[in-house]
Protein chains: 4
Amino acid sequence: MEPFFGSDNQSGVHPEILDAFVKASGGFAGAYGGDPWTEAGQAAVSKAFGGGEAFFVFNGTGGNVLALQSMVRSFEAIVCADISHIADDECGAPEKVGGFKLLTGKSNAQGKLTVEAIERYVSYRGSIHQPQPKVLSLTQPTELGAVYTVDELKTLVAFAHKNDWFVHLDGARLANAAVALGVDFRAFGPVAGIDAVTFGGTKSGFAFGEAVVMFRKEHADATRFYRKQCLQLSSKMRLVAAQFSCYLDGDRWKRIAAHSIAIAAKLEDGLKGLGFPVAVPRDANALFVKLPVAMGDALAERFHFYKWPTGDGIYRLMTSFASTENDVEIFLAAFASASR
Amino acid sequence: MEPFFGSDNQSGVHPEILDAFVKASGGFAGAYGGDPWTEAGQAAVSKAFGGGEAFFVFNGTGGNVLALQSMVRSFEAIVCADISHIADDECGAPEKVGGFKLLTGKSNAQGKLTVEAIERYVSYRGSIHQPQPKVLSLTQPTELGAVYTVDELKTLVAFAHKNDWFVHLDGARLANAAVALGVDFRAFGPVAGIDAVTFGGTKSGFAFGEAVVMFRKEHADATRFYRKQCLQLSSKMRLVAAQFSCYLDGDRWKRIAAHSIAIAAKLEDGLKGLGFPVAVPRDANALFVKLPVAMGDALAERFHFYKWPTGDGIYRLMTSFASTENDVEIFLAAFASASR
Amino acid sequence: MEPFFGSDNQSGVHPEILDAFVKASGGFAGAYGGDPWTEAGQAAVSKAFGGGEAFFVFNGTGGNVLALQSMVRSFEAIVCADISHIADDECGAPEKVGGFKLLTGKSNAQGKLTVEAIERYVSYRGSIHQPQPKVLSLTQPTELGAVYTVDELKTLVAFAHKNDWFVHLDGARLANAAVALGVDFRAFGPVAGIDAVTFGGTKSGFAFGEAVVMFRKEHADATRFYRKQCLQLSSKMRLVAAQFSCYLDGDRWKRIAAHSIAIAAKLEDGLKGLGFPVAVPRDANALFVKLPVAMGDALAERFHFYKWPTGDGIYRLMTSFASTENDVEIFLAAFASASR
Amino acid sequence: MEPFFGSDNQSGVHPEILDAFVKASGGFAGAYGGDPWTEAGQAAVSKAFGGGEAFFVFNGTGGNVLALQSMVRSFEAIVCADISHIADDECGAPEKVGGFKLLTGKSNAQGKLTVEAIERYVSYRGSIHQPQPKVLSLTQPTELGAVYTVDELKTLVAFAHKNDWFVHLDGARLANAAVALGVDFRAFGPVAGIDAVTFGGTKSGFAFGEAVVMFRKEHADATRFYRKQCLQLSSKMRLVAAQFSCYLDGDRWKRIAAHSIAIAAKLEDGLKGLGFPVAVPRDANALFVKLPVAMGDALAERFHFYKWPTGDGIYRLMTSFASTENDVEIFLAAFASASR
């Protein structure tokens, strides 16, 4: 089979995680989380982040909406990047399900928010004509694959807290950010001033499943009910939980992320060697490269990757646990042949 | 392990379905349904129902909200039983996510709706002060485990269509109804005048996954987008699809349902023999029995079944693919001992 | 002009209130409530109820949704009568705009709720499958024109507070209840344990306008923003405020209500004399009477009153500030002639 | 009294419109629009626009949400200017009440949208990850007081219709645009390809009240119910209707708008004479002028006008039917004195 380089959700299930899934799938167990796997999985997530309460959900959109919904009333707003997934790639789910408004700031060349991009929303406070900013939602890594540094996060968190906003991380690929930064998940937890995380499993080799981690009890007490109401309560929850326990066991999460990143680095090197340097500095497992359109389109079709919607000939490639060195060689050979 | 008799979602994953799940979990594939498993699974569902378009979703609440949302605008209402899952067991998800109103009719002793119970809503038509009834949603089997006969369905469908309402089936355990009636799924499809079905997988031995089947193109064209917006779009959709293909392959679905029902029948016989006849005539795999509270509570704790919230000492027991004759014997022995 | 007996909103504007409206309509003033009339009107309402913060809104549906929205998150539910306006006569506005669920209790022959009718919802607490009851909403007077006595209110308020629910009064005709009971509005304010009131103006002779009165600061702080978001922020708010100041000035509100009630009493006496006693004991300005359908329909058309939707030949008649003794005589003459 | 120059909603009620209001306020009439004033008012609006069905509502936010809600399902989106009232000044009401998404385009120096600013949304069509653009909403005049020319409108309407989008006008001050362009309201109706209009009354001298005008029957059939559900159904609707009939009678609307504009022109001339030319070319009754902050703030407080939130020392002044030449002189004298 030819490799797919479109997204890490084009991969199947990581064999070790699948094994844990299969093991948890036999016999009776309490539904809706009333089972030992869920208890263990929740504990594993909380331990990884250094606190908080974990709520397992089905997918990333559901996780984001649930986390945000738990922190705001409808007249309170979420400040986020214009190109963030919640703003631009979830078919209006936050507005539909949550009823709240997203206030967007212009992201920079790496897809990051800066204080400058969002500080104008501070003036909304108190005006009844404007929704009241209440949560700063950051995507880590960003939609352009870049990783906020610990210092960048610190600056944004301080700004948010100074204004009495909470901070949420959309972490569909959070492990990749951790490995890129050389930190563990506590760097994205309460000691870092983060209030809630959508912690991704699917893109790291799960069959399905994400965890919403709420670090404040007053939020978690609402998340409990919102999860059901927002269509995210799994009856055989043990299957999500068992995957998380496996994923967080030892350094498995690190190995998976490190592998994706190493393959991406190899891909970057190969492309550079062929005269196509990345268009956005690569931090983790996403590569953005500018290609002649005819060539790009042909390769994109064959290797199932995406033309970026900005319309300037940028294509995104992504690797996963399932990408191999051999996949890269197949791709580079096709690339070399096409670019001749 | 002692058996669980609380719900069919306390079972794990049916071994044959798990096998299909595992087979589909390897290698790359298009995300969000752009893969051959999804195509095949959709075709299998459509073939089973004799038409329609299948949309795979995560869970039953999501499936119900999605199906209903696809058929109404917010000022249009859903007519349903007072004890239906959508009205009483989904934490207000239809109201929250869909924004529409549920107009409830009093269900009878079997949990069924009758024309008499709902006909008053016909007069709402045209009045701007009342939401406009647009969909009749029936649960098959009902919350009390009873199965609408083909004639009962026919009468209700005719009533609905005469009033220009669509008909939706909440079929979390639809296979059990089919087997109980000796029909196949076409009895719940377009030839029967049904407009949409939430077709359950989870309670029939899936890891997770349901299918929303829309029989009218104008609805399906909206379901496509509402699925994403209602947080029900799976990226590794092949995993849900592969389970459906397996489930509908040959007579597997029939065998699974027939087994659950046979075990429930055995349980019924045993309880009857001990002097505890069922409180609601049993049609499929759910048993309702009245027990002395101290005894009922003790058994419920040990065998993980539920006291019914009506407060009159009724308990619900349920069997699944995973229930065995041996489970029944263990239970009956404990029961006999407790009732002595 | 022949009299209308359909509803007190078929009347125009009370001359004294109109005069205040006209006076406030000249010259410049701050918009959105930044004007002296609003300040005075809010103070007048707060004084009348013995506390709270008043938010002027456009209509009763808007006022009810705003008051309830200010007290709940979407997974929290409103307990109310099955025939209440919010449940049955607002086209699903609470569900659409607020996203929360209404849990209905069966009202008695006077349209009142009792503890027995709603106590089963107490068991919902803590279950993630059910919305969490949080507000008891009572209509005073009820949809059947009956007035909860001070003791009945006390019992229901105590039950609600014991369960940690708030209490809301839908008081579209609250003055009529006050006059019927011989109390002032403090009987419906914080000293009576009420947490929020929708206080009606329109049906008491206003051009338009109601006041949402929130007695808890934590709610009022949200109402401020929800009012705009729920489409109820008036730019020329002084016009609503001036009507409230006039209405609450001296005993004007009492005179208006007492007049409506006196005319209704005269109507009741006349109908009784003609052999048509009321079907529901009359407490204030609404009369329910059972009539032969042909006669009822003809009179209803001529005098613009309504056949009650219960389908048993009951008709509702209502009086207002604008109803006169002469109107009653015209009606009774027509009635006598029709009943011959 | 010193003049207010903050907004045309700081004015009271135009004497002739007030007179019509008062005349309609006496005697009984059918509620919720079942009265002759409403019929006449609806006819007057339809006649003015050359078609459509008029729905009277309370305020501009309500009118905008109602018009847009009538045209879209929640997965369909509204394309509008980033600084438009619906996007930036309604506390998230469209998202909360309608549940749909606003897709914003960058407005130009006059606050106008251009095809270039929005054409990227065309590519959203068919992608399930993005809401589907369905309505182009234009503000006429814009938030910066500029008036789209007939040709500019034509270009945008053609672009929208080519993409199968409807066109909505937010016309809180539509008469001012008509007078500025020398056209009547048909230039904003079906012959111009417009599909819906929010037609403002409040800012043109009404006590309150706007009309949502739907030019397509399939939309109007839904507006009927959405109006109630969206909290915008007035019981004494005759009072709104009578104001519209008066406003549209003869050239009254034109005189009111022409007066506002003439006073604004006088103000512009005066400011220019004092060395303060407008910052945005003036088309109608809004003036934007850059002032030294200390001076601007002092004058803004005294004359109740607003500092624009862009933070660059721009202030907005606005005139209304109630502004007089004498008001301008008072202001200019104060201005001259302050700028010395």
# chains A, B, ... in the order shown; residues from 1 in each chain; ligands from 1
>>> interface_residues(of="chain A", to="chain B", cutoff="9 Å", atoms="only C-alpha atoms", output="VMD selection string")
chain A and resid 1 to 4 6 to 7 9 to 15 18 22 24 to 32 58 to 63 65 90 to 94 96 to 98 202 207 to 208 225 to 226 228 to 236 239 304 322
>>> residues_around(residues="segment 172-176 of chain A", least_positions_apart="6", cutoff="6 Å", atoms="only C-alpha atoms", output="number ranges by chain")
A: 199-200, 257
>>> write_last_selection(atoms="all heavy atoms", output="CSV table (one decimal), in the first residue's frame")
chain,number,residue,atom,x,y,z
A,199,PHE,N,-7.3,16.8,25.1
A,199,PHE,CA,-6.1,16.0,24.9
A,199,PHE,C,-6.4,14.9,23.9
A,199,PHE,O,-7.3,14.0,24.2
A,199,PHE,CB,-5.8,15.5,26.3
A,199,PHE,CG,-4.6,14.6,26.4
A,199,PHE,CD1,-3.5,14.8,25.6
A,199,PHE,CD2,-4.6,13.5,27.2
A,199,PHE,CE1,-2.3,14.0,25.7
A,199,PHE,CE2,-3.5,12.6,27.3
A,199,PHE,CZ,-2.4,12.9,26.6
A,200,GLY,N,-5.7,15.0,22.8
A,200,GLY,CA,-6.1,14.1,21.7
A,200,GLY,C,-5.6,12.7,21.8
A,200,GLY,O,-4.4,12.5,22.2
A,257,ALA,N,5.1,9.9,19.5
A,257,ALA,CA,5.3,11.3,19.0
A,257,ALA,C,6.7,11.4,18.4
A,257,ALA,O,6.9,12.0,17.3
A,257,ALA,CB,5.1,12.3,20.1
>>> select_by_dssp(residues="segment 193-332 of chain A", states="helix (DSSP H, G or I)", output="VMD selection string")
chain A and resid 202 to 204 217 to 229 238 to 248 252 to 273 293 to 303 325 to 332
>>> select_by_dssp(residues="segment 103-338 of chain A", states="strand (DSSP E)", output="JSON, numbers by chain")
{"A": [103, 104, 105, 132, 133, 134, 135, 136, 137, 138, 139, 166, 167, 168, 169, 170, 171, 196, 197, 198, 199, 200, 210, 211, 212, 213, 214, 286, 287, 288, 289, 290, 306, 307, 314, 315, 316, 317, 318]}
>>> write_last_selection(atoms="N, CA and C atoms", output="mmCIF file, in the first residue's frame")
data_model
loop_
_atom_site.group_PDB
_atom_site.id
_atom_site.type_symbol
_atom_site.label_atom_id
_atom_site.label_comp_id
_atom_site.auth_asym_id
_atom_site.auth_seq_id
_atom_site.Cartn_x
_atom_site.Cartn_y
_atom_site.Cartn_z
ATOM 1 N N LEU A 103 -14.179 35.069 19.277
ATOM 2 C CA LEU A 103 -13.565 36.342 18.898
ATOM 3 C C LEU A 103 -12.168 36.018 18.389
ATOM 4 N N THR A 104 -11.933 36.267 17.109
ATOM 5 C CA THR A 104 -10.682 35.788 16.538
ATOM 6 C C THR A 104 -9.622 36.873 16.454
ATOM 7 N N GLY A 105 -8.400 36.448 16.670
ATOM 8 C CA GLY A 105 -7.251 37.319 16.464
ATOM 9 C C GLY A 105 -6.448 36.794 15.284
ATOM 10 N N GLN A 132 -18.600 38.914 26.356
ATOM 11 C CA GLN A 132 -17.527 39.148 27.321
ATOM 12 C C GLN A 132 -16.454 38.065 27.205
ATOM 13 N N PRO A 133 -15.257 38.432 26.744
ATOM 14 C CA PRO A 133 -14.182 37.437 26.614
ATOM 15 C C PRO A 133 -13.960 36.711 27.936
ATOM 16 N N LYS A 134 -13.852 35.384 27.874
ATOM 17 C CA LYS A 134 -13.736 34.639 29.130
ATOM 18 C C LYS A 134 -12.709 33.515 29.024
ATOM 19 N N VAL A 135 -12.430 33.062 27.813
ATOM 20 C CA VAL A 135 -11.476 31.977 27.634
ATOM 21 C C VAL A 135 -10.552 32.309 26.464
ATOM 22 N N LEU A 136 -9.281 32.086 26.670
ATOM 23 C CA LEU A 136 -8.326 32.143 25.569
ATOM 24 C C LEU A 136 -8.044 30.698 25.166
ATOM 25 N N SER A 137 -8.359 30.367 23.925
ATOM 26 C CA SER A 137 -8.136 28.996 23.455
ATOM 27 C C SER A 137 -6.949 28.986 22.494
ATOM 28 N N LEU A 138 -5.951 28.214 22.835
ATOM 29 C CA LEU A 138 -4.738 28.114 22.014
ATOM 30 C C LEU A 138 -4.611 26.703 21.451
ATOM 31 N N THR A 139 -4.148 26.604 20.233
ATOM 32 C CA THR A 139 -3.949 25.303 19.618
ATOM 33 C C THR A 139 -2.470 24.957 19.693
ATOM 34 N N PHE A 166 -9.917 32.431 31.336
ATOM 35 C CA PHE A 166 -9.340 31.101 31.477
ATOM 36 C C PHE A 166 -8.523 30.766 30.231
ATOM 37 N N VAL A 167 -7.694 29.735 30.340
ATOM 38 C CA VAL A 167 -6.903 29.308 29.177
ATOM 39 C C VAL A 167 -7.204 27.850 28.853
ATOM 40 N N HIS A 168 -7.526 27.625 27.605
ATOM 41 C CA HIS A 168 -7.823 26.281 27.101
ATOM 42 C C HIS A 168 -6.813 25.931 26.018
ATOM 43 N N LEU A 169 -6.338 24.692 26.048
ATOM 44 C CA LEU A 169 -5.472 24.209 24.966
ATOM 45 C C LEU A 169 -6.220 23.197 24.123
ATOM 46 N N ASP A 170 -6.262 23.450 22.820
ATOM 47 C CA ASP A 170 -6.742 22.430 21.897
ATOM 48 C C ASP A 170 -5.518 21.586 21.544
ATOM 49 N N GLY A 171 -5.467 20.404 22.140
ATOM 50 C CA GLY A 171 -4.266 19.591 22.021
ATOM 51 C C GLY A 171 -4.496 18.284 21.281
ATOM 52 N N ALA A 196 -7.868 24.191 31.141
ATOM 53 C CA ALA A 196 -8.556 23.066 30.508
ATOM 54 C C ALA A 196 -7.799 22.655 29.254
ATOM 55 N N VAL A 197 -7.815 21.358 28.986
ATOM 56 C CA VAL A 197 -7.136 20.842 27.795
ATOM 57 C C VAL A 197 -8.049 19.859 27.071
ATOM 58 N N THR A 198 -8.056 19.952 25.750
ATOM 59 C CA THR A 198 -8.607 18.869 24.949
ATOM 60 C C THR A 198 -7.410 18.037 24.514
ATOM 61 N N PHE A 199 -7.347 16.843 25.069
ATOM 62 C CA PHE A 199 -6.142 16.021 24.938
ATOM 63 C C PHE A 199 -6.449 14.896 23.935
ATOM 64 N N GLY A 200 -5.739 14.950 22.811
ATOM 65 C CA GLY A 200 -6.104 14.080 21.702
ATOM 66 C C GLY A 200 -5.564 12.674 21.787
ATOM 67 N N GLU A 210 -10.802 11.039 22.875
ATOM 68 C CA GLU A 210 -10.042 12.174 23.373
ATOM 69 C C GLU A 210 -10.400 12.341 24.843
ATOM 70 N N ALA A 211 -9.625 13.105 25.534
ATOM 71 C CA ALA A 211 -9.946 13.395 26.934
ATOM 72 C C ALA A 211 -10.045 14.904 27.119
ATOM 73 N N VAL A 212 -11.145 15.315 27.703
ATOM 74 C CA VAL A 212 -11.251 16.706 28.133
ATOM 75 C C VAL A 212 -10.758 16.737 29.573
ATOM 76 N N VAL A 213 -9.740 17.534 29.830
ATOM 77 C CA VAL A 213 -9.190 17.598 31.179
ATOM 78 C C VAL A 213 -9.484 18.979 31.747
ATOM 79 N N MET A 214 -10.266 18.992 32.820
ATOM 80 C CA MET A 214 -10.671 20.257 33.434
ATOM 81 C C MET A 214 -9.897 20.407 34.730
ATOM 82 N N ALA A 286 4.179 18.153 11.144
ATOM 83 C CA ALA A 286 3.497 18.731 9.981
ATOM 84 C C ALA A 286 4.496 19.528 9.145
ATOM 85 N N LEU A 287 4.411 19.316 7.857
ATOM 86 C CA LEU A 287 5.299 20.009 6.908
ATOM 87 C C LEU A 287 4.473 20.827 5.946
ATOM 88 N N PHE A 288 4.839 22.067 5.766
ATOM 89 C CA PHE A 288 4.169 22.898 4.774
ATOM 90 C C PHE A 288 5.181 23.233 3.699
ATOM 91 N N VAL A 289 4.832 22.949 2.458
ATOM 92 C CA VAL A 289 5.784 23.172 1.385
ATOM 93 C C VAL A 289 5.062 23.780 0.183
ATOM 94 N N LYS A 290 5.760 24.683 -0.483
ATOM 95 C CA LYS A 290 5.169 25.325 -1.657
ATOM 96 C C LYS A 290 5.571 24.542 -2.897
ATOM 97 N N TYR A 306 -3.007 17.374 1.468
ATOM 98 C CA TYR A 306 -3.931 18.469 1.193
ATOM 99 C C TYR A 306 -3.269 19.741 0.674
ATOM 100 N N LYS A 307 -3.942 20.354 -0.274
ATOM 101 C CA LYS A 307 -3.572 21.707 -0.680
ATOM 102 C C LYS A 307 -4.146 22.653 0.374
ATOM 103 N N ILE A 314 0.524 26.267 -1.386
ATOM 104 C CA ILE A 314 1.082 25.603 -0.212
ATOM 105 C C ILE A 314 0.352 24.267 0.000
ATOM 106 N N TYR A 315 1.147 23.249 0.288
ATOM 107 C CA TYR A 315 0.572 21.926 0.566
ATOM 108 C C TYR A 315 1.037 21.492 1.954
ATOM 109 N N ARG A 316 0.145 20.745 2.631
ATOM 110 C CA ARG A 316 0.519 20.240 3.949
ATOM 111 C C ARG A 316 0.740 18.731 3.898
ATOM 112 N N LEU A 317 1.848 18.275 4.476
ATOM 113 C CA LEU A 317 2.109 16.849 4.622
ATOM 114 C C LEU A 317 2.218 16.542 6.103
ATOM 115 N N MET A 318 1.788 15.360 6.470
ATOM 116 C CA MET A 318 1.816 15.015 7.880
ATOM 117 C C MET A 318 2.188 13.541 8.055
#
>>> atom_distance(atom1="atom CA of Val150 of chain D", atom2="atom CA of Phe188 of chain D")
9.0 Å
>>> residues_around(residues="Leu153 of chain B", least_positions_apart="4", cutoff="9 Å", atoms="only C-alpha atoms", output="PyMOL selection string")
chain B and resi 138+148-149+157-158+188+192
>>> write_last_selection(atoms="C-alpha atoms", output="PDB file, in the first residue's frame")
ATOM      1  CA  LEU B 138     -41.175   6.052  18.023  1.00  0.00           C
ATOM      2  CA  TYR B 148     -44.682  -2.284  18.138  1.00  0.00           C
ATOM      3  CA  THR B 149     -46.353  -4.788  15.820  1.00  0.00           C
ATOM      4  CA  VAL B 157     -47.308   5.982  10.317  1.00  0.00           C
ATOM      5  CA  ALA B 158     -50.588   6.548   8.501  1.00  0.00           C
ATOM      6  CA  PHE B 188     -38.607  -0.325   9.347  1.00  0.00           C
ATOM      7  CA  ALA B 192     -43.081   0.867   5.748  1.00  0.00           C
TER       8      ALA B 192
END
>>> decode(residues="segment 202-211 of chain B", atoms="all heavy atoms", output="mmCIF file, in the first residue's frame")
data_model
loop_
_atom_site.group_PDB
_atom_site.id
_atom_site.type_symbol
_atom_site.label_atom_id
_atom_site.label_comp_id
_atom_site.auth_asym_id
_atom_site.auth_seq_id
_atom_site.Cartn_x
_atom_site.Cartn_y
_atom_site.Cartn_z
ATOM 1 N N THR B 202 -24.100 -0.217 19.197
ATOM 2 C CA THR B 202 -23.447 -0.423 20.494
ATOM 3 C C THR B 202 -24.111 -1.522 21.333
ATOM 4 O O THR B 202 -23.429 -2.371 21.904
ATOM 5 C CB THR B 202 -23.432 0.900 21.288
ATOM 6 O OG1 THR B 202 -22.945 1.942 20.438
ATOM 7 C CG2 THR B 202 -22.526 0.786 22.511
ATOM 8 N N LYS B 203 -25.429 -1.484 21.383
ATOM 9 C CA LYS B 203 -26.129 -2.442 22.247
ATOM 10 C C LYS B 203 -26.256 -3.824 21.617
ATOM 11 O O LYS B 203 -26.754 -4.754 22.230
ATOM 12 C CB LYS B 203 -27.491 -1.869 22.638
ATOM 13 C CG LYS B 203 -27.327 -0.758 23.660
ATOM 14 C CD LYS B 203 -28.565 0.063 23.897
ATOM 15 C CE LYS B 203 -28.280 1.092 24.993
ATOM 16 N NZ LYS B 203 -29.259 2.178 25.008
ATOM 17 N N SER B 204 -25.808 -3.942 20.365
ATOM 18 C CA SER B 204 -25.812 -5.243 19.694
ATOM 19 C C SER B 204 -24.410 -5.831 19.576
ATOM 20 O O SER B 204 -24.176 -6.702 18.753
ATOM 21 C CB SER B 204 -26.438 -5.104 18.307
ATOM 22 O OG SER B 204 -27.795 -4.753 18.417
ATOM 23 N N GLY B 205 -23.484 -5.320 20.362
ATOM 24 C CA GLY B 205 -22.163 -5.940 20.391
ATOM 25 C C GLY B 205 -21.051 -5.163 19.714
ATOM 26 O O GLY B 205 -19.932 -5.661 19.572
ATOM 27 N N PHE B 206 -21.318 -3.935 19.299
ATOM 28 C CA PHE B 206 -20.261 -3.101 18.744
ATOM 29 C C PHE B 206 -19.399 -2.525 19.882
ATOM 30 O O PHE B 206 -19.847 -2.438 21.022
ATOM 31 C CB PHE B 206 -20.855 -1.897 18.007
ATOM 32 C CG PHE B 206 -21.497 -2.193 16.689
ATOM 33 C CD1 PHE B 206 -22.169 -3.392 16.444
ATOM 34 C CD2 PHE B 206 -21.470 -1.248 15.662
ATOM 35 C CE1 PHE B 206 -22.782 -3.641 15.211
ATOM 36 C CE2 PHE B 206 -22.077 -1.488 14.441
ATOM 37 C CZ PHE B 206 -22.732 -2.676 14.210
ATOM 38 N N ALA B 207 -18.199 -2.088 19.504
ATOM 39 C CA ALA B 207 -17.394 -1.302 20.440
ATOM 40 C C ALA B 207 -18.060 0.051 20.669
ATOM 41 O O ALA B 207 -18.166 0.542 21.787
ATOM 42 C CB ALA B 207 -15.981 -1.094 19.881
ATOM 43 N N PHE B 208 -18.524 0.619 19.590
ATOM 44 C CA PHE B 208 -19.273 1.874 19.598
ATOM 45 C C PHE B 208 -19.778 2.065 18.182
ATOM 46 O O PHE B 208 -19.250 1.442 17.252
ATOM 47 C CB PHE B 208 -18.393 3.059 20.029
ATOM 48 C CG PHE B 208 -17.406 3.486 18.949
ATOM 49 C CD1 PHE B 208 -17.599 4.629 18.190
ATOM 50 C CD2 PHE B 208 -16.293 2.695 18.698
ATOM 51 C CE1 PHE B 208 -16.680 4.992 17.194
ATOM 52 C CE2 PHE B 208 -15.380 3.055 17.702
ATOM 53 C CZ PHE B 208 -15.574 4.202 16.948
ATOM 54 N N GLY B 209 -20.758 2.910 18.013
ATOM 55 C CA GLY B 209 -21.208 3.245 16.678
ATOM 56 C C GLY B 209 -22.660 2.930 16.413
ATOM 57 O O GLY B 209 -23.162 1.874 16.775
ATOM 58 N N GLU B 210 -23.314 3.890 15.797
ATOM 59 C CA GLU B 210 -24.698 3.767 15.364
ATOM 60 C C GLU B 210 -24.770 4.319 13.944
ATOM 61 O O GLU B 210 -23.857 5.009 13.486
ATOM 62 C CB GLU B 210 -25.622 4.597 16.262
ATOM 63 C CG GLU B 210 -25.288 4.603 17.746
ATOM 64 C CD GLU B 210 -25.811 3.399 18.501
ATOM 65 O OE1 GLU B 210 -27.026 3.139 18.435
ATOM 66 O OE2 GLU B 210 -24.992 2.712 19.159
ATOM 67 N N ALA B 211 -25.863 4.024 13.281
ATOM 68 C CA ALA B 211 -26.057 4.597 11.945
ATOM 69 C C ALA B 211 -27.355 5.378 11.926
ATOM 70 O O ALA B 211 -28.397 4.865 12.349
ATOM 71 C CB ALA B 211 -26.083 3.500 10.893
#
